Amino acid sequence: MSPRIPNDTVNWTQIWDTVNSGLILIDADGAVRLWNDWVADHSGIPAASALGHPLESLFATEASQAFKDAIQNALAHKLPIVLSHALHRAPLPLYPLPFTPQQPRLQQSITITPLTDHNRFHCLVQIADASIWLTRENMLAEQSERQKRMAQRLRVLFEQASVGVAEIDTATGRFLQVNHKYSEIVGYDQEEMLALDFMTITHPDDLAPDLAQMARLTRGELREFTLEKRLLHKNGSTVWVDLSVSPLWGPGESPTQHIAIVKDITERMQAEMERRNALTLLTNVMNTTPDFIFVKDRDLRTILCNNVFAQSIGKTPRDMIGHTDIENGWDPELVQGNPAKGIRGFELDDREVLHGRTIHIPAEPVSVCGEILTFETDKVPLLSDTGEVMGVLGIARDITARKQAETKIAQTIERLNLATSAAQLGVWDWDIANNVLVWDDRMFALFGLQREEVSDTHDAWLAGVHPDDQARCETALLQALRKEQPYEVEFRIRWPNGNERVIKSVATVGWDTDGTPLRVTGVNVDITEQKLAQQRILQMAFHDMLTDLPNRRLLQDRIAQALAHARRNKNKIAVLFIDLDHFKPINDLMGHDAGDLLLKEVAARLTASVRAEDTVARQGGDEFIVLLSKITNPQDAETVAGKILARLTEPFQIKGKELQIGGSLGIALFPSDGEDADTLLKNSDTAMYYAKQNGRNNYQLYRAGMNKLATEGHSMQAQSAPDISHQ
């Protein structure tokens with residue numbers, strides 16, 4: 001039912017004129033019966049000009065038909081009709097006439113309502129300023145559009161993120177949303193992921209810590225948490241991830257969903273595992289060396305050391321980690337130094353290394369377990385991947401025995417000097433300003449020259465020095481002239497007859513009051529014989545006097561070097577223990593001279609039977625050791641063993657007699673039969689014993705429980721030895 005028109009029209013007209021919107025009343029014939037002041041003001045048409053006229057005639061043709069149609073629809077359906085400027089392109093072009101394009105049109109909302117008056121229908125047209133709600137509508141539309149664009153961008157970021165991101169139902173653990181990266185990390189596609197929960201793809205060993213943190217998160221004890229855990233890939237492999245979890249509920253709210261972000265750290269974890277394995281290998285290698293090895297951080301606290309270093313002060317490596325030298329029990333005087341006693345101190349060297357220097361201490365006395373030992377120490381900076389100094393790496397080698405040997409050698413040389421060289425010094429003097437060099441007679445004799453064969457200049461003297469030593473002599477002289485160190489140098493000269501001699505030269509520099517060098521005065525001594533004597537002493541210390549083969553001391557060093565090389569390159573080495581068969585009767589019947597000649601010949605045959613890089617050593621008596629380095633399999637050792645036995649069974653011609661001997665040979669292999677020199681020597685000796693027990697003149701490979709396996713050993717039986725000599 002349409003509303004009725006009030007009877008008191010005049011009174012209502014006065015009220016309508018005060019309304020802040022346009023009101024137009026149209027009768028059933030379409031003529032205007034009411035035109036309030038708001039419409040008159042906004043249209044520029046006074047009420048007197050509008051009353052009685054059809055409404056569509058009062059406006060431009062662009063709106064008249066649309067307006068007429070709207071009125072007819074309202075009357076026909078007896079329902080209000082709403083028109084707006086935004087939707088219907090201004091059906092009422094309200095603007096003062098005459099209109100110019102610069103004038104803004106009114107934003108309108110028009111409502112046409114049918115009315116009744118004694119069964120006659122009228123229409124009430126209400127025109128409102130819609131600028132405010134249209135502006136708000138536009139703002140809401142723009143805000144909605146911005147939100148859509150933001151949502152699109154967030155979706156793109158979600159899908160294109162370089163880390164895995166998932167929205168997870170907190171109660172069930174099921175995945176609600178998963179980005180492409182998360183799916184890629186675990187190998188499931190996104191649709192498959194939505195059918196899974198995070199517990200299913202978590203490694204069983206890592207599930208309990210994850211669930212414990214989730215429980216704390218849901219109880220409000222945490223606002224977020226991170227942990228490293230393993231996920232199970234679809235293909236069965238394990239993926240290490242760095243997990244970050246944040247809730248999507250606010251404080252005080254019930255847990256609903258949470259965000260899980262995962263970053264694949266498999267490569268990092270594998271690298272860490274490789275580093276740990278490498279550290280384990282390094283520790284094992286370090287613990288096989290007799291040298292002291294230690295690593296300190298920038299605070300000079302021990303972070304790594306080998307067993308022998310820790311044991312030297314009665315500790316284990318674990319006890320020393322994280323402590324300074326003093327905390328670990330080293331003598332504070334050794335650590336901090338004592339200049340009065342000439343003790344430099346560990347810390348001073350360490351701090352220089354932290355500044356990038358490399359320290360070499362050729363000989364340093366250190367008290368170890370109450371005994372004064374001499375160490376040769378090298379300290380180098382420990383560098384990071386970026387070249388930053390992280391700490392100090394030190395290696396100290398006990399050279400007490402070597403220094404004692406060197407002291408004995410030095411004492412021997414000194415005695416030789418006193419006995420043979422005291423009266424054989426050559427004296428020389430060089431006038432620097434005038435470049436005049438003066439020699440005494442002994443100097444000419446030292447150089448094997450006549451006085452007239454040498455000019456009196458420094459250059460003439462230098463020309464007589466061996467070309468390879470000239471630069472070193474010049475350097476020593478310049479350092480002395482710069483007061484860097486005293487002049488002392490050894491160099492070679494070559495006599496006109498081709499003989500090469502070694503000269504030691506010592507000199508002092510004379511200065512004027514201004515510090516300018518004036519002259520250099522020195523002495524030369526021929527130390528050729530001393531050098532040769534030194535070489536002979538070294539030869540005696542490390543070689544067998546009779547055969548000139550390496551002795552036990554040198555053999556131990558050779559085995560240690562071969563073991564180190566084999567470990568680095570994963571090679572095998574073999575130690576062959578040889579005991580001569582039928583040697584004792586020769587000594588008893590023909591005397592020790594014949595026995596010595598036979599041992600020399602045996603040494604020559606053994607040396608000829610192996611490669612240049614192998615070692616043949618005399619163990620003592622009629623026992624020899626052969627060290628085979630860099631072999632690939634046991635058959636290589638067996639081949640050499642067979643060759644040696646064949647050579648030993650060939651007749652020897654000693655003092656006009658033909659002698660027949662043989663050999664029993666035992667073989668021990670690294671690493672299967674021992675990982676150090678003593679074990680390899682012991683086991684090869686055991687194998688040699690079983691070779692003798694097995695009939696002599698054969699070889700045996702060492703085996704565990706050899707007493708049970710001797711009869712199964714690889715052997716080369718020889719016939720019974722014939723008479724030891726034949727006329």
# chains A, B, ... in the order shown; residues from 1 in each chain; ligands from 1
>>> closest_atom_pairs(of="range 606-688 of chain A", to="range 576-594 of chain A", cutoff="8 Å", atoms="only C-alpha atoms", output="tab-separated table")
residue	atom	partner	partner_atom	distance
A:Asp622	CA	A:Leu580	CA	5.7
A:Glu623	CA	A:Asp579	CA	4.6
A:Phe624	CA	A:Ile578	CA	5.1
A:Ile625	CA	A:Phe577	CA	4.9
A:Val626	CA	A:Leu576	CA	5.0
A:Leu627	CA	A:Leu576	CA	6.4
A:Leu628	CA	A:Leu576	CA	7.9
A:Ala641	CA	A:Leu576	CA	7.6
A:Ile654	CA	A:Ala594	CA	6.5
A:Lys655	CA	A:Ala594	CA	7.0
A:Ile661	CA	A:His582	CA	5.6
A:Gly662	CA	A:Asp581	CA	4.8
A:Gly663	CA	A:Leu580	CA	4.4
A:Ser664	CA	A:Asp579	CA	5.3
A:Leu665	CA	A:Ile578	CA	4.5
A:Gly666	CA	A:Phe577	CA	5.1
A:Ile667	CA	A:Leu576	CA	4.7
A:Ala668	CA	A:Leu576	CA	6.7
A:Leu681	CA	A:Phe577	CA	7.4
A:Ser684	CA	A:Phe577	CA	5.5
A:Asp685	CA	A:Phe577	CA	5.7
A:Met688	CA	A:Phe577	CA	6.2
>>> residues_around(residues="Asn633 in chain A", least_positions_apart="3", cutoff="9 Å", atoms="only C-alpha atoms", output="short mmCIF file (atom, residue, chain, number, x, y, z; two decimals) with C-alpha atoms, in the first residue's frame")
data_model
loop_
_atom_site.label_atom_id
_atom_site.label_comp_id
_atom_site.auth_asym_id
_atom_site.auth_seq_id
_atom_site.Cartn_x
_atom_site.Cartn_y
_atom_site.Cartn_z
CA LYS A 572 100.95 -50.32 2.01
CA ILE A 573 104.49 -50.94 3.17
CA ASP A 636 104.74 -57.25 -4.31
CA ALA A 637 106.53 -58.14 -1.07
#
>>> atom_distance(atom1="CA of Ala410 in chain A", atom2="CA of Arg344 in chain A")
25.1 Å
>>> closest_residue(among="A:Val163, A:Leu243, A:Ala208, A:Val178", to="Glu224 in chain A", atoms="only C-alpha atoms")
A:Leu243
>>> atom_distance(atom1="CA of Thr316 in chain A", atom2="CA of Ser672 in chain A")
28.6 Å
>>> select_by_dssp(residues="range 240-376 of chain A", states="strand (DSSP E)", output="count of residues only")
42
>>> residues_around(residues="Lys315 in chain A", least_positions_apart="6", cutoff="9 Å", atoms="only C-alpha atoms", output="list in words")
Asn307, Phe309 and Asn328 of chain A
>>> residues_around(residues="range 27-37 of chain A", least_positions_apart="2", cutoff="9 Å", atoms="only C-alpha atoms", output="PyMOL selection string")
chain A and resi 13-14+16-19+21-25+39-42+46-48+50-56+68+71+120-124
>>> atom_distance(atom1="CA of His233 in chain A", atom2="CA of Ile259 in chain A")
20.2 Å
>>> closest_residue(among="A:Thr289, A:Thr111, A:Gln190, A:Gln213", to="Gln561 in chain A", atoms="only C-alpha atoms")
A:Thr289
>>> closest_residue(among="A:Trp330, A:Gly250, A:Ser312, A:Leu701", to="Val368 in chain A", atoms="only C-alpha atoms")
A:Ser312
>>> select_by_dssp(residues="range 375-588 of chain A", states="alpha helix (DSSP H)", output="PyMOL selection string")
chain A and resi 400-416+441-447+458-463+467-481+528-542+552-569+583-588
